[in-house]
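Working notes, beginning with the structure itself.
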Amino acid sequence: MTVTHEIIDYGQFADRLERQQGRSRWSLLDEVQREWGYVDPGGEPGHSRWGGENGEHGVDWDLPVPQALNEWWDSPLNSFAFNPRLYWVHTQWPPAISELDVDADSVLTEPGGDHRVCVFMSEYHYAHEWGYLAAEAELPDPRVVVSVDGRWVVQSRSLSEFLMQLAFERMPAHYGWTLRFGRDTVDADPGIVRRLEASYPELGLLPWQEDGTDALSYGAPDAVVRHGRGPGADFKIVINARTRAALLDVARTLGLEWTDKDIRPPSEVPVPLLELGPASLSAGEADPRGRWTVLTREFPQPPVVAGAAAALVETPGTLRAVASLHGPTLLVAGDTEGCVHVRETDDEDPETITLTLHRAPVTSVACLEFGTGTRVVLSGDAHGVIRYWSTRRKPLRSPLDRRSTPVSSLAAAVLPTGPALAVAWADGLVRVRDLATDAVANLHLGTGIKFLGLDTDGTLSVTDAESTAALRLDLARLWPHRDLQLRLEDVDWGSLWTARGPGHAVPELIGKVASDDKKTAMDAVHDLYRLLVSKEAASTAAVPAVPFLADLMTDPDNRARSTLLLLIADLADVREARGGRGDAQLAAVRETLPKLRHLHNDPEGAIRWAANELEQNCAAG
């Protein structure tokens, strides 16, 4: 399946901005975020209006808060609340009166009027503040002003426009391709700016005043160009583009020169969907890695619909999914509004609990009871989000899982290894997750899966439009690193130190090294390098990490083997950190040599080279 990229001409953005009048206040923000690659992560935001560095000093409790600011904080379109690191700003709630008033002779306020400014956000280093005039606090969507050189100037024509513009400043730099050209380059050729003004229209937004950049933005096909005119603009021309081709087209048009090293790729790239054909499983068929074998393939039986669970959804035509637990003692239903309805029938006074857990129609639900008696509910939606919660506790704020394609079916059971969840997504991936350790197995079974079933003996039933196949799962091969995950939990990583602070992140990164996805595994190894490798001072977290890394290195299917082995080799290079920590780290690596020496005969040349480095570093120590 080939997806055609839709080119968006930001040269027409000023027209979109003008047409915004009369539309939903946040529709343009939504469009900008989605166009540049931001995806609603699902779940609840991790940051609230009360979560900033708020202070009560300066708050005028008699002033109203504009409707637009309240709406933004409550909106699922507020990407700051889900990922503050995209923005690098501080928020203030309630908005506080700035110590800097509007100049008495400023045209911003009426003569003799209220010259105060209500600050709701500050630049990360507090170099300047953003706020609205106290005199306009009663307006639903007032202007936004910014502090520049000890005075207030208008940054945006409304709060909603400012918050959209802020996203437009941040998203392209994070999700897009980037070229930046310094002051010397641009000043040496005045034709660059002339070509910019002649080739591309302005976006229609007011100049961005952050850090004294006074940046005016222009629109191009799949790209935006920022011309920093102020003294704070280290880079006078910055090009952000949705594709590499669009980036280079703009650079050529402006007559700029660059090298491949100058091009900054996106900081975050969506995981691509699979391109699989329809599921077609035959009796006797087996996974090449031995994780599953098809026992039988039969004509499908209609799934049993829990009628009592269906009755939990009162609005006709909105029911989408049902599930029940033995008895039934637990009934679950999901609807088109993203709500999950739950009723425990064996309660002394049963009642239906309804929670809006999804921002898309619920497409599948499942439920499970642990040996401890804890009951959990799982639900998936049309955006690919899976939520997980215990009936006796609040739902987890973050999704259990998410992929950018609809969830087709969920199935859960307590296997001999413990509780497990099987998920089918619309692109044909079936993911089987051990809920105790979060170990996962990705099975590429094909599209068109209608229902999944999971039995306590480890049999996975896969129903498509034509038949139902019963797959016997080999649990040991399904999660080869499950025991490793359990052993990781036995180490108090928070009490250990890395080159960048406490070792809280180490176990999660080690787990990611085992990922089936090569980029995920490689990125995790690179992150472990930054945390654990230091020739000047050995890290206390490195010693317990080494055996886990060696275990992963013995897996022939590991997707980051050559880089992982180099990491282990470099952990043995402690010549400048001998004594104490260095000796312990070297000893830990030396203990792994017997299980890694066979790699000298590995068919991959990079592995053989890394194995030699390992031997040399251990000997030199």
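In the structure tokens, each chain is lettered A, B, ... as it comes, each chain's residues begin at 1, and ligands are numbered from 1 in order of appearance.
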
What's around Val377 (chain A) at 10 Å? Count only C-alpha atoms, leave out sequence neighbours fewer than 5 positions away in its own chain, and write the answer as a PDB file with all heavy atoms, in the first residue's frame.
```pdb
ATOM      1  N   ALA A 323     -18.043  -7.056  26.204  1.00  0.00           N
ATOM      2  CA  ALA A 323     -17.275  -8.164  26.772  1.00  0.00           C
ATOM      3  C   ALA A 323     -17.869  -8.476  28.134  1.00  0.00           C
ATOM      4  O   ALA A 323     -18.550  -7.641  28.741  1.00  0.00           O
ATOM      5  CB  ALA A 323     -15.800  -7.802  26.903  1.00  0.00           C
ATOM      6  N   SER A 324     -17.608  -9.678  28.618  1.00  0.00           N
ATOM      7  CA  SER A 324     -18.092 -10.053  29.943  1.00  0.00           C
ATOM      8  C   SER A 324     -17.125 -11.035  30.567  1.00  0.00           C
ATOM      9  O   SER A 324     -16.366 -11.719  29.881  1.00  0.00           O
ATOM     10  CB  SER A 324     -19.497 -10.649  29.868  1.00  0.00           C
ATOM     11  OG  SER A 324     -19.478 -11.864  29.142  1.00  0.00           O
ATOM     12  N   LEU A 330     -18.837  -9.449  35.534  1.00  0.00           N
ATOM     13  CA  LEU A 330     -18.383  -8.144  35.066  1.00  0.00           C
ATOM     14  C   LEU A 330     -18.852  -7.960  33.631  1.00  0.00           C
ATOM     15  O   LEU A 330     -18.621  -8.806  32.772  1.00  0.00           O
ATOM     16  CB  LEU A 330     -16.851  -8.059  35.125  1.00  0.00           C
ATOM     17  CG  LEU A 330     -16.197  -6.779  34.584  1.00  0.00           C
ATOM     18  CD1 LEU A 330     -16.608  -5.566  35.417  1.00  0.00           C
ATOM     19  CD2 LEU A 330     -14.675  -6.912  34.577  1.00  0.00           C
ATOM     20  N   LEU A 331     -19.553  -6.871  33.377  1.00  0.00           N
ATOM     21  CA  LEU A 331     -20.048  -6.546  32.042  1.00  0.00           C
ATOM     22  C   LEU A 331     -19.379  -5.270  31.563  1.00  0.00           C
ATOM     23  O   LEU A 331     -19.242  -4.309  32.327  1.00  0.00           O
ATOM     24  CB  LEU A 331     -21.568  -6.344  32.074  1.00  0.00           C
ATOM     25  CG  LEU A 331     -22.403  -7.512  32.594  1.00  0.00           C
ATOM     26  CD1 LEU A 331     -23.866  -7.096  32.733  1.00  0.00           C
ATOM     27  CD2 LEU A 331     -22.277  -8.713  31.676  1.00  0.00           C
ATOM     28  N   VAL A 332     -18.969  -5.259  30.294  1.00  0.00           N
ATOM     29  CA  VAL A 332     -18.277  -4.102  29.731  1.00  0.00           C
ATOM     30  C   VAL A 332     -18.843  -3.806  28.351  1.00  0.00           C
ATOM     31  O   VAL A 332     -19.101  -4.733  27.568  1.00  0.00           O
ATOM     32  CB  VAL A 332     -16.757  -4.343  29.608  1.00  0.00           C
ATOM     33  CG1 VAL A 332     -16.055  -3.078  29.113  1.00  0.00           C
ATOM     34  CG2 VAL A 332     -16.161  -4.787  30.938  1.00  0.00           C
ATOM     35  N   VAL A 340     -16.723   4.063  27.922  1.00  0.00           N
ATOM     36  CA  VAL A 340     -16.675   2.671  28.349  1.00  0.00           C
ATOM     37  C   VAL A 340     -17.615   2.526  29.548  1.00  0.00           C
ATOM     38  O   VAL A 340     -17.521   3.289  30.517  1.00  0.00           O
ATOM     39  CB  VAL A 340     -15.244   2.243  28.723  1.00  0.00           C
ATOM     40  CG1 VAL A 340     -15.222   0.798  29.205  1.00  0.00           C
ATOM     41  CG2 VAL A 340     -14.302   2.416  27.535  1.00  0.00           C
ATOM     42  N   HIS A 341     -18.519   1.565  29.466  1.00  0.00           N
ATOM     43  CA  HIS A 341     -19.533   1.333  30.496  1.00  0.00           C
ATOM     44  C   HIS A 341     -19.218   0.010  31.197  1.00  0.00           C
ATOM     45  O   HIS A 341     -19.009  -1.012  30.529  1.00  0.00           O
ATOM     46  CB  HIS A 341     -20.931   1.266  29.881  1.00  0.00           C
ATOM     47  CG  HIS A 341     -21.228   2.400  28.941  1.00  0.00           C
ATOM     48  ND1 HIS A 341     -21.922   3.529  29.323  1.00  0.00           N
ATOM     49  CD2 HIS A 341     -20.921   2.575  27.617  1.00  0.00           C
ATOM     50  CE1 HIS A 341     -22.025   4.347  28.285  1.00  0.00           C
ATOM     51  NE2 HIS A 341     -21.432   3.783  27.240  1.00  0.00           N
ATOM     52  N   VAL A 342     -19.193   0.024  32.518  1.00  0.00           N
ATOM     53  CA  VAL A 342     -18.804  -1.160  33.294  1.00  0.00           C
ATOM     54  C   VAL A 342     -19.816  -1.389  34.410  1.00  0.00           C
ATOM     55  O   VAL A 342     -20.248  -0.442  35.081  1.00  0.00           O
ATOM     56  CB  VAL A 342     -17.394  -0.975  33.897  1.00  0.00           C
ATOM     57  CG1 VAL A 342     -17.044  -2.148  34.796  1.00  0.00           C
ATOM     58  CG2 VAL A 342     -16.354  -0.831  32.796  1.00  0.00           C
ATOM     59  N   VAL A 365     -13.469  -4.107  23.364  1.00  0.00           N
ATOM     60  CA  VAL A 365     -13.243  -4.118  24.812  1.00  0.00           C
ATOM     61  C   VAL A 365     -12.920  -5.543  25.248  1.00  0.00           C
ATOM     62  O   VAL A 365     -13.264  -6.523  24.575  1.00  0.00           O
ATOM     63  CB  VAL A 365     -14.469  -3.598  25.602  1.00  0.00           C
ATOM     64  CG1 VAL A 365     -14.694  -2.119  25.372  1.00  0.00           C
ATOM     65  CG2 VAL A 365     -15.726  -4.391  25.252  1.00  0.00           C
ATOM     66  N   ALA A 366     -12.248  -5.646  26.384  1.00  0.00           N
ATOM     67  CA  ALA A 366     -11.938  -6.949  26.982  1.00  0.00           C
ATOM     68  C   ALA A 366     -11.862  -6.755  28.481  1.00  0.00           C
ATOM     69  O   ALA A 366     -11.678  -5.627  28.971  1.00  0.00           O
ATOM     70  CB  ALA A 366     -10.625  -7.501  26.439  1.00  0.00           C
ATOM     71  N   CYS A 367     -12.006  -7.847  29.225  1.00  0.00           N
ATOM     72  CA  CYS A 367     -11.896  -7.762  30.676  1.00  0.00           C
ATOM     73  C   CYS A 367     -11.190  -9.015  31.195  1.00  0.00           C
ATOM     74  O   CYS A 367     -11.133 -10.047  30.519  1.00  0.00           O
ATOM     75  CB  CYS A 367     -13.247  -7.570  31.341  1.00  0.00           C
ATOM     76  SG  CYS A 367     -14.544  -8.690  30.786  1.00  0.00           S
ATOM     77  N   LEU A 368     -10.683  -8.900  32.407  1.00  0.00           N
ATOM     78  CA  LEU A 368      -9.802  -9.935  32.930  1.00  0.00           C
ATOM     79  C   LEU A 368      -9.841  -9.883  34.451  1.00  0.00           C
ATOM     80  O   LEU A 368     -10.001  -8.811  35.036  1.00  0.00           O
ATOM     81  CB  LEU A 368      -8.379  -9.652  32.432  1.00  0.00           C
ATOM     82  CG  LEU A 368      -7.290 -10.685  32.601  1.00  0.00           C
ATOM     83  CD1 LEU A 368      -7.630 -11.952  31.816  1.00  0.00           C
ATOM     84  CD2 LEU A 368      -5.977 -10.097  32.091  1.00  0.00           C
ATOM     85  N   GLU A 369      -9.697 -11.041  35.096  1.00  0.00           N
ATOM     86  CA  GLU A 369      -9.594 -11.086  36.553  1.00  0.00           C
ATOM     87  C   GLU A 369      -8.300 -11.789  36.933  1.00  0.00           C
ATOM     88  O   GLU A 369      -8.033 -12.913  36.508  1.00  0.00           O
ATOM     89  CB  GLU A 369     -10.789 -11.815  37.177  1.00  0.00           C
ATOM     90  CG  GLU A 369     -10.753 -11.802  38.703  1.00  0.00           C
ATOM     91  CD  GLU A 369     -12.044 -12.299  39.335  1.00  0.00           C
ATOM     92  OE1 GLU A 369     -13.069 -12.382  38.623  1.00  0.00           O
ATOM     93  OE2 GLU A 369     -12.035 -12.596  40.547  1.00  0.00           O
ATOM     94  N   ARG A 387      -6.676   1.751  26.365  1.00  0.00           N
ATOM     95  CA  ARG A 387      -6.705   2.175  27.770  1.00  0.00           C
ATOM     96  C   ARG A 387      -6.849   0.946  28.660  1.00  0.00           C
ATOM     97  O   ARG A 387      -7.444  -0.063  28.274  1.00  0.00           O
ATOM     98  CB  ARG A 387      -7.874   3.137  28.030  1.00  0.00           C
ATOM     99  CG  ARG A 387      -7.868   4.404  27.213  1.00  0.00           C
ATOM    100  CD  ARG A 387      -6.701   5.325  27.530  1.00  0.00           C
ATOM    101  NE  ARG A 387      -6.649   5.727  28.921  1.00  0.00           N
ATOM    102  CZ  ARG A 387      -7.264   6.783  29.439  1.00  0.00           C
ATOM    103  NH1 ARG A 387      -8.022   7.536  28.650  1.00  0.00           N
ATOM    104  NH2 ARG A 387      -7.129   7.100  30.724  1.00  0.00           N
ATOM    105  N   TYR A 388      -6.298   1.066  29.874  1.00  0.00           N
ATOM    106  CA  TYR A 388      -6.224  -0.058  30.812  1.00  0.00           C
ATOM    107  C   TYR A 388      -6.554   0.474  32.193  1.00  0.00           C
ATOM    108  O   TYR A 388      -5.988   1.478  32.626  1.00  0.00           O
ATOM    109  CB  TYR A 388      -4.794  -0.616  30.762  1.00  0.00           C
ATOM    110  CG  TYR A 388      -4.424  -1.667  31.788  1.00  0.00           C
ATOM    111  CD1 TYR A 388      -4.449  -3.009  31.455  1.00  0.00           C
ATOM    112  CD2 TYR A 388      -3.981  -1.308  33.059  1.00  0.00           C
ATOM    113  CE1 TYR A 388      -4.065  -3.980  32.372  1.00  0.00           C
ATOM    114  CE2 TYR A 388      -3.603  -2.266  33.985  1.00  0.00           C
ATOM    115  CZ  TYR A 388      -3.644  -3.596  33.631  1.00  0.00           C
ATOM    116  OH  TYR A 388      -3.260  -4.542  34.543  1.00  0.00           O
ATOM    117  N   TRP A 389      -7.473  -0.198  32.889  1.00  0.00           N
ATOM    118  CA  TRP A 389      -7.783   0.268  34.237  1.00  0.00           C
ATOM    119  C   TRP A 389      -8.410  -0.825  35.089  1.00  0.00           C
ATOM    120  O   TRP A 389      -9.036  -1.752  34.593  1.00  0.00           O
ATOM    121  CB  TRP A 389      -8.671   1.511  34.202  1.00  0.00           C
ATOM    122  CG  TRP A 389      -9.997   1.371  33.503  1.00  0.00           C
ATOM    123  CD1 TRP A 389     -10.208   1.200  32.175  1.00  0.00           C
ATOM    124  CD2 TRP A 389     -11.294   1.421  34.111  1.00  0.00           C
ATOM    125  NE1 TRP A 389     -11.552   1.146  31.897  1.00  0.00           N
ATOM    126  CE2 TRP A 389     -12.239   1.280  33.075  1.00  0.00           C
ATOM    127  CE3 TRP A 389     -11.746   1.591  35.426  1.00  0.00           C
ATOM    128  CZ2 TRP A 389     -13.612   1.290  33.307  1.00  0.00           C
ATOM    129  CZ3 TRP A 389     -13.116   1.603  35.653  1.00  0.00           C
ATOM    130  CH2 TRP A 389     -14.037   1.450  34.604  1.00  0.00           C
ATOM    131  N   SER A 390      -8.163  -0.702  36.369  1.00  0.00           N
ATOM    132  CA  SER A 390      -8.772  -1.602  37.347  1.00  0.00           C
ATOM    133  C   SER A 390     -10.116  -1.030  37.750  1.00  0.00           C
ATOM    134  O   SER A 390     -10.275   0.187  37.887  1.00  0.00           O
ATOM    135  CB  SER A 390      -7.868  -1.731  38.574  1.00  0.00           C
ATOM    136  OG  SER A 390      -8.573  -2.320  39.655  1.00  0.00           O
ATOM    137  N   THR A 391     -11.093  -1.907  37.940  1.00  0.00           N
ATOM    138  CA  THR A 391     -12.435  -1.433  38.294  1.00  0.00           C
ATOM    139  C   THR A 391     -12.465  -0.776  39.670  1.00  0.00           C
ATOM    140  O   THR A 391     -13.432  -0.097  39.993  1.00  0.00           O
ATOM    141  CB  THR A 391     -13.439  -2.595  38.267  1.00  0.00           C
ATOM    142  OG1 THR A 391     -13.007  -3.616  39.174  1.00  0.00           O
ATOM    143  CG2 THR A 391     -13.550  -3.180  36.868  1.00  0.00           C
ATOM    144  N   PRO A 395      -8.561   5.029  36.080  1.00  0.00           N
ATOM    145  CA  PRO A 395      -7.808   4.561  34.905  1.00  0.00           C
ATOM    146  C   PRO A 395      -6.412   5.172  34.866  1.00  0.00           C
ATOM    147  O   PRO A 395      -6.193   6.292  35.336  1.00  0.00           O
ATOM    148  CB  PRO A 395      -8.654   5.053  33.726  1.00  0.00           C
ATOM    149  CG  PRO A 395     -10.024   5.279  34.295  1.00  0.00           C
ATOM    150  CD  PRO A 395      -9.818   5.699  35.708  1.00  0.00           C
ATOM    151  N   ALA A 412      -8.126 -11.040  26.110  1.00  0.00           N
ATOM    152  CA  ALA A 412      -7.281 -11.135  27.304  1.00  0.00           C
ATOM    153  C   ALA A 412      -7.539 -12.444  28.023  1.00  0.00           C
ATOM    154  O   ALA A 412      -8.642 -12.998  27.971  1.00  0.00           O
ATOM    155  CB  ALA A 412      -7.556  -9.955  28.244  1.00  0.00           C
TER     156      ALA A 412
END
```

If we count only C-alpha atoms and set the cut-off at 8 Å, which residues sit around Leu454 (chain A), ignoring sequence neighbours fewer than 2 positions away in its own chain? Please answer as a PyMOL selection string. chain A and resi 411-413+422+452+456+458-461

I need the residues from that last selection saved to file as a CSV table (one decimal), in the first residue's frame (with all heavy atoms), if you can.
```csv
chain,number,residue,atom,x,y,z
A,411,ALA,N,-8.3,-9.2,23.1
A,411,ALA,CA,-8.6,-10.5,23.8
A,411,ALA,C,-7.6,-10.6,25.0
A,411,ALA,O,-6.5,-10.2,24.8
A,411,ALA,CB,-8.5,-11.7,22.9
A,412,ALA,N,-8.1,-11.0,26.1
A,412,ALA,CA,-7.3,-11.1,27.3
A,412,ALA,C,-7.5,-12.4,28.0
A,412,ALA,O,-8.6,-13.0,28.0
A,412,ALA,CB,-7.6,-10.0,28.2
A,413,ALA,N,-6.5,-13.0,28.7
A,413,ALA,CA,-6.6,-14.2,29.5
A,413,ALA,C,-5.5,-14.3,30.4
A,413,ALA,O,-4.4,-13.6,30.2
A,413,ALA,CB,-6.6,-15.4,28.5
A,422,ALA,N,-3.9,-9.7,23.9
A,422,ALA,CA,-3.7,-9.7,22.5
A,422,ALA,C,-4.5,-8.6,21.8
A,422,ALA,O,-5.6,-8.4,22.1
A,422,ALA,CB,-4.1,-11.1,21.9
A,452,LEU,N,-10.4,-11.6,17.9
A,452,LEU,CA,-9.3,-12.4,18.5
A,452,LEU,C,-9.9,-13.1,19.7
A,452,LEU,O,-10.8,-12.5,20.4
A,452,LEU,CB,-8.2,-11.5,19.0
A,452,LEU,CG,-7.3,-10.8,17.9
A,452,LEU,CD1,-6.2,-10.0,18.6
A,452,LEU,CD2,-6.6,-11.9,17.0
A,456,THR,N,-6.8,-19.7,28.2
A,456,THR,CA,-5.8,-19.8,29.3
A,456,THR,C,-4.7,-20.7,29.0
A,456,THR,O,-3.6,-20.7,29.6
A,456,THR,CB,-6.5,-20.2,30.6
A,456,THR,OG1,-7.2,-21.5,30.3
A,456,THR,CG2,-7.5,-19.2,31.0
A,458,GLY,N,-3.0,-20.7,26.2
A,458,GLY,CA,-2.1,-20.1,25.3
A,458,GLY,C,-2.6,-20.2,23.8
A,458,GLY,O,-1.7,-20.0,22.9
A,459,THR,N,-3.8,-20.6,23.6
A,459,THR,CA,-4.3,-20.7,22.2
A,459,THR,C,-4.9,-19.4,21.8
A,459,THR,O,-5.8,-18.8,22.5
A,459,THR,CB,-5.4,-21.8,22.1
A,459,THR,OG1,-4.8,-23.1,22.5
A,459,THR,CG2,-5.9,-21.9,20.7
A,460,LEU,N,-4.4,-18.9,20.7
A,460,LEU,CA,-4.9,-17.6,20.1
A,460,LEU,C,-5.8,-17.9,18.9
A,460,LEU,O,-5.4,-18.5,18.0
A,460,LEU,CB,-3.7,-16.7,19.7
A,460,LEU,CG,-4.1,-15.4,19.0
A,460,LEU,CD1,-4.7,-14.4,20.0
A,460,LEU,CD2,-2.8,-14.7,18.4
A,461,SER,N,-7.1,-17.5,19.0
A,461,SER,CA,-8.0,-17.6,17.9
A,461,SER,C,-8.0,-16.4,17.1
A,461,SER,O,-8.2,-15.3,17.6
A,461,SER,CB,-9.4,-18.0,18.4
A,461,SER,OG,-9.4,-19.2,19.2
```

Counting only C-alpha atoms, the residue among A:Thr178, A:Ser75, A:Ser408, A:Asn612 that lies closest to Leu566 (chain A) is A:Asn612

Find the residues near Leu567 (chain A): any atom within 12 Å, counting only C-alpha atoms, skip ones fewer than 5 places away on the same chain, and give them as an mmCIF file with N, CA, C and O atoms, in the first residue's frame.
```
data_model
loop_
_atom_site.group_PDB
_atom_site.id
_atom_site.type_symbol
_atom_site.label_atom_id
_atom_site.label_comp_id
_atom_site.auth_asym_id
_atom_site.auth_seq_id
_atom_site.Cartn_x
_atom_site.Cartn_y
_atom_site.Cartn_z
ATOM 1 N N VAL A 513 16.152 -2.256 24.114
ATOM 2 C CA VAL A 513 17.184 -2.880 23.296
ATOM 3 C C VAL A 513 16.683 -4.209 22.727
ATOM 4 O O VAL A 513 17.129 -4.654 21.675
ATOM 5 N N MET A 522 18.178 0.466 18.362
ATOM 6 C CA MET A 522 19.403 1.248 18.159
ATOM 7 C C MET A 522 19.372 2.531 18.994
ATOM 8 O O MET A 522 20.384 2.912 19.606
ATOM 9 N N ALA A 524 17.871 3.018 21.764
ATOM 10 C CA ALA A 524 18.061 2.665 23.172
ATOM 11 C C ALA A 524 19.540 2.423 23.482
ATOM 12 O O ALA A 524 20.042 2.845 24.528
ATOM 13 N N VAL A 525 20.258 1.755 22.567
ATOM 14 C CA VAL A 525 21.696 1.528 22.778
ATOM 15 C C VAL A 525 22.436 2.859 22.814
ATOM 16 O O VAL A 525 23.301 3.092 23.671
ATOM 17 N N HIS A 526 22.089 3.770 21.905
ATOM 18 C CA HIS A 526 22.749 5.076 21.895
ATOM 19 C C HIS A 526 22.467 5.846 23.183
ATOM 20 O O HIS A 526 23.363 6.510 23.731
ATOM 21 N N ASP A 527 21.244 5.764 23.685
ATOM 22 C CA ASP A 527 20.914 6.433 24.946
ATOM 23 C C ASP A 527 21.687 5.816 26.112
ATOM 24 O O ASP A 527 22.127 6.531 27.031
ATOM 25 N N LEU A 528 21.855 4.493 26.095
ATOM 26 C CA LEU A 528 22.636 3.832 27.149
ATOM 27 C C LEU A 528 24.099 4.244 27.079
ATOM 28 O O LEU A 528 24.768 4.372 28.123
ATOM 29 N N TYR A 529 24.611 4.451 25.880
ATOM 30 C CA TYR A 529 25.971 4.986 25.734
ATOM 31 C C TYR A 529 26.107 6.289 26.512
ATOM 32 O O TYR A 529 27.052 6.479 27.289
ATOM 33 N N ARG A 530 25.180 7.205 26.299
ATOM 34 C CA ARG A 530 25.262 8.512 26.941
ATOM 35 C C ARG A 530 25.178 8.406 28.466
ATOM 36 O O ARG A 530 25.782 9.208 29.181
ATOM 37 N N LEU A 531 24.434 7.415 28.945
ATOM 38 C CA LEU A 531 24.245 7.279 30.387
ATOM 39 C C LEU A 531 25.378 6.513 31.063
ATOM 40 O O LEU A 531 25.779 6.839 32.194
ATOM 41 N N LEU A 532 25.896 5.487 30.410
ATOM 42 C CA LEU A 532 26.773 4.536 31.092
ATOM 43 C C LEU A 532 28.247 4.653 30.744
ATOM 44 O O LEU A 532 29.101 4.241 31.535
ATOM 45 N N VAL A 533 28.582 5.155 29.561
ATOM 46 C CA VAL A 533 29.973 5.156 29.128
ATOM 47 C C VAL A 533 30.645 6.482 29.475
ATOM 48 O O VAL A 533 30.229 7.544 29.003
ATOM 49 N N SER A 534 31.656 6.392 30.314
ATOM 50 C CA SER A 534 32.457 7.559 30.674
ATOM 51 C C SER A 534 33.832 7.060 31.083
ATOM 52 O O SER A 534 33.953 6.277 32.022
ATOM 53 N N ALA A 542 26.305 1.049 35.686
ATOM 54 C CA ALA A 542 26.857 0.205 34.620
ATOM 55 C C ALA A 542 27.085 -1.224 35.087
ATOM 56 O O ALA A 542 26.876 -2.175 34.321
ATOM 57 N N ALA A 545 24.060 -3.305 34.982
ATOM 58 C CA ALA A 545 23.509 -3.310 33.625
ATOM 59 C C ALA A 545 24.240 -4.286 32.720
ATOM 60 O O ALA A 545 23.638 -4.848 31.788
ATOM 61 N N VAL A 546 25.519 -4.518 32.945
ATOM 62 C CA VAL A 546 26.328 -5.329 32.040
ATOM 63 C C VAL A 546 25.769 -6.732 31.819
ATOM 64 O O VAL A 546 25.668 -7.197 30.673
ATOM 65 N N LEU A 549 22.884 -6.618 29.381
ATOM 66 C CA LEU A 549 23.308 -6.311 28.022
ATOM 67 C C LEU A 549 23.936 -7.542 27.363
ATOM 68 O O LEU A 549 23.718 -7.810 26.176
ATOM 69 N N ALA A 550 24.698 -8.307 28.145
ATOM 70 C CA ALA A 550 25.311 -9.523 27.605
ATOM 71 C C ALA A 550 24.252 -10.557 27.247
ATOM 72 O O ALA A 550 24.356 -11.241 26.216
ATOM 73 N N MET A 553 22.837 -9.685 24.027
ATOM 74 C CA MET A 553 23.798 -9.899 22.948
ATOM 75 C C MET A 553 23.804 -11.348 22.479
ATOM 76 O O MET A 553 24.181 -11.646 21.336
ATOM 77 N N ALA A 560 20.118 -4.734 17.232
ATOM 78 C CA ALA A 560 21.184 -3.738 17.414
ATOM 79 C C ALA A 560 22.480 -4.408 17.851
ATOM 80 O O ALA A 560 23.261 -3.840 18.613
ATOM 81 N N ARG A 561 22.755 -5.618 17.351
ATOM 82 C CA ARG A 561 23.830 -6.438 17.895
ATOM 83 C C ARG A 561 25.208 -5.784 17.810
ATOM 84 O O ARG A 561 25.958 -5.772 18.789
ATOM 85 N N SER A 562 25.600 -5.261 16.649
ATOM 86 C CA SER A 562 26.962 -4.732 16.514
ATOM 87 C C SER A 562 27.174 -3.530 17.423
ATOM 88 O O SER A 562 28.211 -3.417 18.094
ATOM 89 N N ALA A 572 34.189 -1.748 29.166
ATOM 90 C CA ALA A 572 35.405 -2.348 29.722
ATOM 91 C C ALA A 572 36.593 -1.394 29.660
ATOM 92 O O ALA A 572 37.634 -1.662 30.274
ATOM 93 N N ASP A 573 36.462 -0.296 28.918
ATOM 94 C CA ASP A 573 37.565 0.647 28.762
ATOM 95 C C ASP A 573 37.533 1.654 29.903
ATOM 96 O O ASP A 573 36.977 2.755 29.770
ATOM 97 N N VAL A 589 32.291 -6.758 33.159
ATOM 98 C CA VAL A 589 32.393 -7.067 31.731
ATOM 99 C C VAL A 589 33.188 -8.347 31.519
ATOM 100 O O VAL A 589 32.823 -9.196 30.690
ATOM 101 N N ILE A 607 30.328 -7.503 13.873
ATOM 102 C CA ILE A 607 30.266 -8.218 15.143
ATOM 103 C C ILE A 607 31.654 -8.756 15.497
ATOM 104 O O ILE A 607 32.103 -8.663 16.656
ATOM 105 N N ALA A 610 33.816 -5.919 16.720
ATOM 106 C CA ALA A 610 33.439 -5.488 18.068
ATOM 107 C C ALA A 610 33.880 -6.512 19.117
ATOM 108 O O ALA A 610 34.284 -6.143 20.228
ATOM 109 N N ALA A 611 33.800 -7.818 18.773
ATOM 110 C CA ALA A 611 34.248 -8.856 19.705
ATOM 111 C C ALA A 611 35.742 -8.728 19.983
ATOM 112 O O ALA A 611 36.203 -8.930 21.118
ATOM 113 N N GLU A 613 37.428 -5.852 19.862
ATOM 114 C CA GLU A 613 37.547 -4.684 20.730
ATOM 115 C C GLU A 613 37.255 -5.050 22.181
ATOM 116 O O GLU A 613 37.932 -4.585 23.108
ATOM 117 N N LEU A 614 36.255 -5.885 22.382
ATOM 118 C CA LEU A 614 35.898 -6.320 23.727
ATOM 119 C C LEU A 614 37.064 -7.052 24.384
ATOM 120 O O LEU A 614 37.424 -6.783 25.545
ATOM 121 N N ASN A 617 39.953 -4.563 25.210
ATOM 122 C CA ASN A 617 39.679 -3.688 26.350
ATOM 123 C C ASN A 617 39.722 -4.440 27.668
ATOM 124 O O ASN A 617 40.182 -3.902 28.688
#
```

Would you list, as a PyMOL selection string, the residues of region 202-400 of chain A that end up in strand (DSSP E) under DSSP run on this structure's backbone? chain A and resi 215-220+223-228+235-241+292-298+319-325+330-335+339-344+352-356+362-369+375-381+385-390

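Restricting the calculation to only C-alpha atoms, the smallest distance between Thr447 (chain A) and any of A:Ala588, A:Leu274, A:Pro288, A:Asp570 is found for A:Leu274.
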
Checklist entry - Hey, what's within 9 Å of Val148 (chain A) if we count only C-alpha atoms and toss same-chain stuff fewer than 2 positions away? As a list in words, please? => result Ala127, His128, Glu129, Val146, Gly150, Arg151, Trp152, Val153, Gln209, Glu210, Asp211 and Gly212 of chain A
